[in-house]
Amino acid sequence: MSTDAPSKEDVRETDGAPEPPRRGNRGRTIAIVLAPVVLFALLLASGLGNDPHALPSELIGKPAPEFSLPRLDAGGTIDSADLSGQVVVVNFWASWCVPCRDEHPALDEAWRRYRERGVVVLGVSFEDTPEGAMDFRNELGGDWPLADDPGSETAIAYGVFGVPETFVIAPDGTVSAKTTGAVTYDWLTDEIERALRKGDVE
Amino acid sequence: MSARTRSIALIVGAVVVVGLAALFASAGSGRASLADRSHEIAAGLRCPVCQNLSVADSPSGLAGEMRSEIATRLRAGESPEEIRAFFVDRYGEWILLEPPKRGLNLVPWAVPIVALIAGVAVWVMVVRRRGTGGEPEAPGSSERPTAAERERIDRDLADLQEPG
């Protein structure tokens, strides 16, 4: 075999045609064709892990939508106008929502830590019955105000995609932060402190 | 003659009647059916709690409430544009099933055209280079052997070398 092998190269040399570059060209052509395809595939693939609902709120920096909601844990209504000048944590939640159970201790702790400083945590029931909401409260405890949202008007006004979602309203009445999914104690303290500082400056 | 005139009159009459009926029907639906206008707006909005369903198609509670919100706002005299803007202000352009064709949203429309132009340009360049590069080099035999021909040349040359 080894004696036969050189024949090909001999042919190439006697032919005089620049044969090796031609093969190199083919590799380059394949690379040129494949590179954009691969890059495009990578671009598309990079978006696969994204949660299509985890979007920054359109309301950040804008006036928080007003609400007047019937209270669930007590009588009467809870009105956004009565809370002006205060930091309000609006937590949309539901008894059927699993991550809402996970975030419950964080809300409880933030409420207990900040309520003396005029911070209000408000739970707004989302796509739930008043009975379901109160069962959840009785099961997990907590004593921050809870409100019903008939017709999901407030949820729509806040652009809620699902539960849980948590908004922080600064003392000036603008939405200063929003998070999707179970809220953490760290996030709450960071954002509440930031909103309180914002109030102090003014 | 009179029969012909009569038939023409009949056809003209029929056309007028059908035309008027269509006109009344369209005018009626355009003004009266709040449900249709409401549905049209809902069909263009993405249901927030679903995976790629419009507000009109989704059976979810939130979508139902968004539909009644649309109806309430239509009844209050808001235009479809104002209602869409209300939802965009809260949910962002995400909520629109067909985002407006401006700004960064133009990229998906522009990319295929740009790619096509670039592809044609590359193709023209390659063809041109091949045309000028191939000819002067081999005046006797202007055509290079094809892969099949080359294979045969290789085989024949190998055959020639083998006995020796």
# chains A, B, ... in the order shown; residues from 1 in each chain; ligands from 1

$ interface_residues --of "chain B" --to "chain A" --cutoff "9 Å" --atoms "only C-alpha atoms" --output "list in words"
Cys47, Pro48, Val49, Cys50, Gln51, Gly61, Leu62, Gly64, Glu65, Met66, Ser68, Glu69, Phe86, Phe87, Val88, Asp89, Arg90, Tyr91, Gly92, Trp94, Glu137, Ala138, Arg144, Ile153, Asp154, Leu157, Ala158, Gln161 and Glu162 of chain B

$ residues_around --residues "Glu165 of chain A" --least-positions-apart "5" --cutoff "10 Å" --atoms "only C-alpha atoms" --output "PyMOL selection string"
chain A and resi 54+90-93+100+124+155+158-160+178-183

$ select_by_dssp --residues "chain B" --states "helix (DSSP H, G or I)" --output "PyMOL selection string"
chain B and resi 2-32+34-43+61-75+80-91+93-95+103-134+147-161

$ residues_around --residues "Ile169 of chain A" --least-positions-apart "5" --cutoff "12 Å" --atoms "only C-alpha atoms" --output "JSON, numbers by chain"
{"A": [59, 60, 61, 62, 63, 64, 65, 66, 80, 83, 84, 85, 86, 87, 88, 89, 90, 91, 119, 120, 121, 122, 158, 174, 175, 176, 177, 178, 188, 191, 192, 193, 194, 195, 196, 198, 199]}

$ atom_distance --atom1 "atom CA of Thr29 of chain A" --atom2 "atom CA of Arg155 of chain B"
28.2 Å

$ atom_distance --atom1 "atom CA of Asp148 of chain A" --atom2 "atom CA of Pro130 of chain A"
6.8 Å

$ atom_distance --atom1 "atom CA of Ala35 of chain B" --atom2 "atom CA of Ala71 of chain B"
7.5 Å

$ residues_around --residues "Gly132 of chain A" --least-positions-apart "6" --cutoff "10 Å" --atoms "only C-alpha atoms" --output "list in words"
Ala94, Ser95, Trp96, Ser125 and Asn138 of chain A

$ residues_around --residues "segment 142-147 of chain A" --least-positions-apart "3" --cutoff "8 Å" --atoms "only C-alpha atoms" --output "short mmCIF file (atom, residue, chain, number, x, y, z; two decimals) with C-alpha atoms, in the first residue's frame"
data_model
loop_
_atom_site.label_atom_id
_atom_site.label_comp_id
_atom_site.auth_asym_id
_atom_site.auth_seq_id
_atom_site.Cartn_x
_atom_site.Cartn_y
_atom_site.Cartn_z
CA LEU A 69 -60.37 46.97 48.11
CA PRO A 70 -62.57 45.10 50.57
CA ARG A 71 -60.53 43.74 53.45
CA LEU A 72 -60.55 40.01 54.02
CA ASP A 73 -59.03 39.74 57.49
CA ALA A 74 -61.18 42.53 58.89
CA THR A 77 -61.98 48.62 52.78
CA ILE A 78 -58.34 49.39 52.32
CA ASP A 108 -44.11 37.97 57.91
CA TRP A 111 -43.90 43.14 58.21
CA VAL A 120 -47.48 48.49 55.27
CA VAL A 121 -47.50 44.99 53.83
CA LEU A 122 -50.72 44.38 51.95
CA GLY A 123 -51.71 40.96 50.63
CA VAL A 124 -53.99 41.16 47.60
CA SER A 125 -55.83 37.95 46.81
CA ARG A 137 -54.06 32.95 56.45
#
